[in-house]
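Chemist: The structure is given below, and queries will be raised subsequently.
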2 protein chains.
Amino acid sequence: MEVGIVGLGLIGGSLGLDLRDRGIRVLGVSRQSSTCEKALERGIVDEASQDFALLRTAEVVFICTPIGLILPILEQVIPYLEKATVVTDVGSVKSPIVQQCTPLWRNFVGGHPMAGTAEQGIEAAQRDLFVGNSYVFTPIKETPLFALRKVEEVARSIGAVIEVCPPDIHDQAVAWISHLPVFISASLVDACMGEQEAIILQWAQRFASSGFRDTSRVGGGNPQLGVMMAQYNRGAILRSLQQYRQSLDQFITYIEQENWETLEQLLKATQQVRNRFLE
Amino acid sequence: MEVGIVGLGLIGGSLGLDLRDRGIRVLGVSRQSSTCEKALERGIVDEASQDFALLRTAEVVFICTPIGLILPILEQVIPYLEKATVVTDVGSVKSPIVQQCTPLWRNFVGGHPMAGTAEQGIEAAQRDLFVGNSYVFTPIKETPLFALRKVEEVARSIGAVIEVCPPDIHDQAVAWISHLPVFISASLVDACMGEQEAIILQWAQRFASSGFRDTSRVGGGNPQLGVMMAQYNRGAILRSLQQYRQSLDQFITYIEQENWETLEQLLKATQQVRNRFLE
């Protein structure tokens with residue numbers, strides 16, 4: 001089998017390493033010649049090119065670019081593809097992608113490998129990034145079953161746990177557990193910046209340790225990625241943010257009212273529910 | 001030197017292990033005889049008792065109980081102490097403690113070792129818990145310098161980094177970086193519980209990984225501790241929560257207005273500021 005990968009960053013590069021380890025021939029396309037060279041050097045691809053024509057013989061093509069580029073890349077790739085070629089993407093929002101791409105390419109399957117590191121780019125590519133992590137596919141009724149089976153086969157071969165979920169359900173679910181955390185975490189840092197007394201801010205910076213580090217971590221991620229999440233998953237994120245604001249107001253009210261008993265009940269409930277999320 | 005420790009949990013127990021390693025004689029007091037036995041078995045103390053009379057010969061006494069017990073314990077301990085004995089506590093809120101304890105015992109110094117683990121109790125006690133971590137002392141103008149120097153000496157001997165800061169500044173600083181995170185993190189879990197569509201909630205639980213885990217971690221901590229923070233540091237926490245709510249509303253507004261440029265600037269700023277906190 002030959003697999004094409006467009007976009008040789010963390011996800012595309014890691015995918016290439018794993019697929020080649022399993023004897024699959026990998027064809028890599030990047031806009032930058034330097035990335036093509038690095039991909040060949042590191043053994044991420046068998047062939048690399050800036051030209052989409054390289055993908056002619058690919059049975060499956062993974063578009064591993066930022067969300068905003070998935071549709072334009074698909075449009076540019078289509079002229080070179082065999083009719084039976086299956087195309088998938090790795091974007092973290094699925095409804096708009098699937099809605100836009102399916103009419104253009106019948107054998108398109110939306111995908112979202114839930115794997116990552118704090119690092120980006122081809123330098124961050126690593127073996128076994130997907131092992132044991134969820135890889136979600138979001139077929140719709142127009143999606144051919146053979147296309148879904150094909151991408152599932154590839155994802156399973158790299159050790160991922162396959163999940164199949166409707167795109168809108170996926171988007172609201174990741175709004176809760178992945179996108180909402182980004183904005184509440186960034187708000188923590190922004191709120192601290194709002195401290196007007198310099199001496200308090202200095203000590204806060206000096207005292208900040210694991211609690212602050214963990215709670216602010218995802219808010220300190222790639223700003224462009226944060227904006228793209230908000231653009232592509234705006235409705236679901238706003239829905240989660242409004243609910244979050246109500247929860248926050250509830251905590252504020254209990255503390256204002258010194259309603260310690262109810263506050264303790266609420267903290268006990270969140271402690272239990274959190275465990276259910278992380279079982 | 002002999003050091004007394006009242007409360008042989010994670011902090012008191014770890015302190016005992018380190019002090020004995022350094023040749024200091026440790027006298028431990030616990031309400032529970034089973035804890036006294038464990039402390040002797042594990043070599044956390046040289047002597048253990050349920051009776052405060054054990055502390056007669058101590059040069060320094062550490063009160064390592066939950067915040068709500070510090071004042072009542074001090075009252076019970078005082079009859080047994082030599083006049084020159086220095087008493088300190090390890091509570092995470094300092095103003096109310098220092099205000100209440102200083103009039104009762106002149107040689108009282110408020111303290112806050114910024115060290116911990118997810119575990120609690122004597123079983124969690126470990127060597128070198130304090131090494132490289134901040135240990136804050138919060139003297140006020142009434143605090144004798146010799147008393148401050150004495151507790152600094154003990155804290156330095158166990159490898160902690162000594163910080164000296166006024167109690168009210170300490171309390172507002174920890175409200176930002178330690179207490180506020182608890183409530184915004186607990187609100188995340190509470191908000192997710194508010195999802196009315198069961199299928200979305202199921203998928204959210206299934207997809208939850210490192211981003212959710214880290215952002216919700218401190219909110220899933222000990223509920224009693226969360227309530228005590230709120231009770232003892234109510235003013236500072238409410239001040240931080242109000243500012244946080246404004247920051248959150250700003251993010252919501254930019255996303256509602258599709259003001260992507262400003263959203264990106266804000267995320268860039270928070271990314272940079274976070275690094276300053278964690279340098």
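Residues in the structure tokens are named by chain (A, B, ... in the order shown) and by number from 1 within that chain; ligands are numbered from 1 in the order shown.
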Residues of chain A that have any atom at most 6 Å from an atom of chain B: could you tabulate them with the shortest-distance atom pair and the distance in Å to one decimal, using only C-alpha atoms, ordered by chain and increasing number, as a tab-separated table?

Modeler:
residue	atom	partner	partner_atom	distance
A:Ile169	CA	B:Ile200	CA	5.8
A:Ala173	CA	B:Ala204	CA	4.4
A:Ile177	CA	B:Phe212	CA	5.3
A:Ser187	CA	B:Ser247	CA	5.3
A:Val189	CA	B:Thr270	CA	5.7
A:Asp190	CA	B:Thr270	CA	5.9
A:Ala191	CA	B:Tyr244	CA	4.7
A:Ile200	CA	B:Ala173	CA	5.4
A:Trp203	CA	B:Ala173	CA	5.8
A:Ala204	CA	B:Ala173	CA	4.4
A:Gln205	CA	B:Phe277	CA	4.5
A:Ala208	CA	B:Ile177	CA	5.5
A:Phe212	CA	B:Ile177	CA	5.3
A:Asp214	CA	B:Asp214	CA	5.0
A:Thr215	CA	B:Thr215	CA	4.4
A:Gly220	CA	B:Gln271	CA	4.2
A:Pro223	CA	B:Leu267	CA	5.1
A:Gln243	CA	B:Ala191	CA	5.6
A:Tyr244	CA	B:Ala191	CA	4.8
A:Ser247	CA	B:Ser187	CA	5.3
A:Leu248	CA	B:Ser187	CA	5.3
A:Glu264	CA	B:Pro223	CA	5.7
A:Leu267	CA	B:Pro223	CA	5.1
A:Lys268	CA	B:Pro223	CA	5.6
A:Thr270	CA	B:Val189	CA	5.7
A:Gln271	CA	B:Gly220	CA	4.2
A:Phe277	CA	B:Gln205	CA	4.5

Chemist: Where in segment 147-213 of chain B does DSSP assign strand (DSSP E or B), given as a PyMOL selection string?

Modeler: chain B and resi 161-164

Chemist: Could you write out, as a VMD selection string, all the residues of segment 45-210 of chain B that DSSP marks as helix (DSSP H, G or I)?

Modeler: chain B and resid 52 to 57 67 to 80 95 to 101 122 to 124 145 to 157 167 to 193 198 to 207 210

Chemist: Neighbours of Thr88 of chain B within 8 Å (only C-alpha atoms; same-chain residues fewer than 5 positions away dropped), as a count of residues only?

Modeler: 9

Chemist: Considering only C-alpha atoms, return as a list in words whatever protein or nucleic-acid residues lie within 6 Å of Ile44 of chain B, sequence-local ones (same chain, fewer than 2 positions apart) excluded.

Modeler: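 The filter keeps Gly13, Gly16, Leu17, Ala39 and Arg42 of chain B.
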
Chemist: Using only C-alpha atoms, determine which residues lie at most 9 Å from Leu8 of chain A, disregarding the query and same-chain residues fewer than 6 positions distant; provide the list as a ChimeraX atom specification.

Modeler: /A:14-16,28-30,35-36,39,44,64-65,121-122,125

Chemist: Suppose we keep all heavy atoms; can you now write the selection as a PDB file, in the first residue's frame?

Modeler:
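As a result, result.pdb now contains:
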ATOM      1  N   SER A  14       4.880  12.121  12.364  1.00  0.00           N
ATOM      2  CA  SER A  14       4.806  10.942  13.243  1.00  0.00           C
ATOM      3  C   SER A  14       4.097   9.792  12.535  1.00  0.00           C
ATOM      4  O   SER A  14       4.493   8.627  12.645  1.00  0.00           O
ATOM      5  CB  SER A  14       4.054  11.286  14.541  1.00  0.00           C
ATOM      6  OG  SER A  14       4.709  12.329  15.225  1.00  0.00           O
ATOM      7  N   LEU A  15       3.057  10.142  11.793  1.00  0.00           N
ATOM      8  CA  LEU A  15       2.324   9.156  10.998  1.00  0.00           C
ATOM      9  C   LEU A  15       3.259   8.487   9.989  1.00  0.00           C
ATOM     10  O   LEU A  15       3.269   7.251   9.840  1.00  0.00           O
ATOM     11  CB  LEU A  15       1.184   9.887  10.287  1.00  0.00           C
ATOM     12  CG  LEU A  15       0.161   9.089   9.501  1.00  0.00           C
ATOM     13  CD1 LEU A  15      -0.580   8.119  10.415  1.00  0.00           C
ATOM     14  CD2 LEU A  15      -0.834  10.046   8.825  1.00  0.00           C
ATOM     15  N   GLY A  16       4.063   9.283   9.304  1.00  0.00           N
ATOM     16  CA  GLY A  16       5.007   8.760   8.319  1.00  0.00           C
ATOM     17  C   GLY A  16       5.983   7.769   8.936  1.00  0.00           C
ATOM     18  O   GLY A  16       6.213   6.673   8.397  1.00  0.00           O
ATOM     19  N   GLY A  28       5.290  11.961   0.785  1.00  0.00           N
ATOM     20  CA  GLY A  28       5.051  13.169   1.580  1.00  0.00           C
ATOM     21  C   GLY A  28       5.072  14.437   0.748  1.00  0.00           C
ATOM     22  O   GLY A  28       5.956  14.619  -0.094  1.00  0.00           O
ATOM     23  N   VAL A  29       4.114  15.320   0.970  1.00  0.00           N
ATOM     24  CA  VAL A  29       4.093  16.605   0.282  1.00  0.00           C
ATOM     25  C   VAL A  29       4.138  17.721   1.322  1.00  0.00           C
ATOM     26  O   VAL A  29       3.380  17.706   2.301  1.00  0.00           O
ATOM     27  CB  VAL A  29       2.829  16.759  -0.598  1.00  0.00           C
ATOM     28  CG1 VAL A  29       2.776  18.151  -1.239  1.00  0.00           C
ATOM     29  CG2 VAL A  29       2.798  15.677  -1.677  1.00  0.00           C
ATOM     30  N   SER A  30       5.050  18.671   1.093  1.00  0.00           N
ATOM     31  CA  SER A  30       5.115  19.847   1.952  1.00  0.00           C
ATOM     32  C   SER A  30       5.305  21.075   1.074  1.00  0.00           C
ATOM     33  O   SER A  30       5.876  20.993  -0.012  1.00  0.00           O
ATOM     34  CB  SER A  30       6.280  19.720   2.940  1.00  0.00           C
ATOM     35  OG  SER A  30       6.487  20.948   3.593  1.00  0.00           O
ATOM     36  N   THR A  35      11.476  21.232   4.463  1.00  0.00           N
ATOM     37  CA  THR A  35      10.736  20.193   5.191  1.00  0.00           C
ATOM     38  C   THR A  35      10.804  18.869   4.435  1.00  0.00           C
ATOM     39  O   THR A  35      10.958  17.796   5.038  1.00  0.00           O
ATOM     40  CB  THR A  35       9.270  20.621   5.401  1.00  0.00           C
ATOM     41  OG1 THR A  35       9.260  21.884   6.062  1.00  0.00           O
ATOM     42  CG2 THR A  35       8.498  19.611   6.230  1.00  0.00           C
ATOM     43  N   CYS A  36      10.710  18.937   3.093  1.00  0.00           N
ATOM     44  CA  CYS A  36      10.845  17.717   2.285  1.00  0.00           C
ATOM     45  C   CYS A  36      12.199  17.056   2.543  1.00  0.00           C
ATOM     46  O   CYS A  36      12.294  15.839   2.728  1.00  0.00           O
ATOM     47  CB  CYS A  36      10.703  18.042   0.790  1.00  0.00           C
ATOM     48  SG  CYS A  36       9.020  18.543   0.331  1.00  0.00           S
ATOM     49  N   ALA A  39      12.309  15.454   5.955  1.00  0.00           N
ATOM     50  CA  ALA A  39      11.475  14.252   6.009  1.00  0.00           C
ATOM     51  C   ALA A  39      12.225  13.060   5.412  1.00  0.00           C
ATOM     52  O   ALA A  39      12.150  11.937   5.930  1.00  0.00           O
ATOM     53  CB  ALA A  39      10.164  14.490   5.273  1.00  0.00           C
ATOM     54  N   ILE A  44      11.093   9.751   7.421  1.00  0.00           N
ATOM     55  CA  ILE A  44       9.659   9.922   7.646  1.00  0.00           C
ATOM     56  C   ILE A  44       8.868   9.541   6.399  1.00  0.00           C
ATOM     57  O   ILE A  44       7.721   9.090   6.486  1.00  0.00           O
ATOM     58  CB  ILE A  44       9.387  11.395   8.066  1.00  0.00           C
ATOM     59  CG1 ILE A  44       9.861  11.609   9.512  1.00  0.00           C
ATOM     60  CG2 ILE A  44       7.942  11.799   7.868  1.00  0.00           C
ATOM     61  CD1 ILE A  44       9.856  13.048   9.983  1.00  0.00           C
ATOM     62  N   CYS A  64      -2.687  16.666   6.714  1.00  0.00           N
ATOM     63  CA  CYS A  64      -2.254  16.916   8.104  1.00  0.00           C
ATOM     64  C   CYS A  64      -1.825  18.373   8.278  1.00  0.00           C
ATOM     65  O   CYS A  64      -0.789  18.661   8.871  1.00  0.00           O
ATOM     66  CB  CYS A  64      -1.112  15.980   8.477  1.00  0.00           C
ATOM     67  SG  CYS A  64      -1.538  14.236   8.326  1.00  0.00           S
ATOM     68  N   THR A  65      -2.626  19.274   7.743  1.00  0.00           N
ATOM     69  CA  THR A  65      -2.329  20.704   7.817  1.00  0.00           C
ATOM     70  C   THR A  65      -3.198  21.339   8.901  1.00  0.00           C
ATOM     71  O   THR A  65      -4.140  20.706   9.391  1.00  0.00           O
ATOM     72  CB  THR A  65      -2.669  21.376   6.482  1.00  0.00           C
ATOM     73  OG1 THR A  65      -4.083  21.241   6.283  1.00  0.00           O
ATOM     74  CG2 THR A  65      -1.937  20.734   5.327  1.00  0.00           C
ATOM     75  N   GLY A 121       5.794  20.868  14.569  1.00  0.00           N
ATOM     76  CA  GLY A 121       6.717  20.833  13.439  1.00  0.00           C
ATOM     77  C   GLY A 121       7.369  19.472  13.256  1.00  0.00           C
ATOM     78  O   GLY A 121       7.262  18.581  14.113  1.00  0.00           O
ATOM     79  N   ILE A 122       8.041  19.330  12.130  1.00  0.00           N
ATOM     80  CA  ILE A 122       8.634  18.036  11.768  1.00  0.00           C
ATOM     81  C   ILE A 122       9.681  17.585  12.781  1.00  0.00           C
ATOM     82  O   ILE A 122       9.856  16.385  13.017  1.00  0.00           O
ATOM     83  CB  ILE A 122       9.222  18.090  10.329  1.00  0.00           C
ATOM     84  CG1 ILE A 122       9.562  16.671   9.831  1.00  0.00           C
ATOM     85  CG2 ILE A 122      10.440  19.011  10.254  1.00  0.00           C
ATOM     86  CD1 ILE A 122       9.815  16.603   8.338  1.00  0.00           C
ATOM     87  N   ALA A 125       8.230  15.299  15.338  1.00  0.00           N
ATOM     88  CA  ALA A 125       7.663  14.016  14.906  1.00  0.00           C
ATOM     89  C   ALA A 125       8.329  12.872  15.663  1.00  0.00           C
ATOM     90  O   ALA A 125       9.540  12.886  15.874  1.00  0.00           O
ATOM     91  CB  ALA A 125       7.852  13.835  13.404  1.00  0.00           C
TER      92      ALA A 125
END

Chemist: Val154 of chain A: which residues within 12 Å, counting only C-alpha atoms, same-chain residues fewer than 3 positions away excluded, as a PyMOL selection string?

Modeler: chain A and resi 1-4+15-16+18-20+22-24+59-62+86+88+111+113+130+135+137+147-151+157-162

Chemist: Do you have the atom CA of Lys38 of chain B-atom CA of Leu129 of chain B distance handy?

Modeler: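 Calculated distance between atom CA of Lys38 of chain B and atom CA of Leu129 of chain B is 18.7 Å.
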
Chemist: Can you measure atom CA of Pro96 of chain B to atom CA of Ala118 of chain B for me? One decimal in Å is fine.

Modeler: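 Here the two named atoms are 25.6 Å from each other.
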
Chemist: Residues near Arg106 of chain B, anyone? I mean within 10 Å using only C-alpha atoms, not counting same-chain ones fewer than 5 positions away, as a list in words.

Modeler: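 In the requested format, the answer is Lys83, Ala84, Thr85, Val86, Val87, Cys101, Glu142, Thr143, Pro144 and Ala147 of chain B.
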
Chemist: Name the closest residue to Val45 of chain A among the candidates A:Gly12, A:Pro72, A:Pro66, A:Pro139; distances are taken between atoms, counting only C-alpha atoms.

Modeler: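 Among the listed residues, A:Gly12 lies closest to Val45 of chain A.
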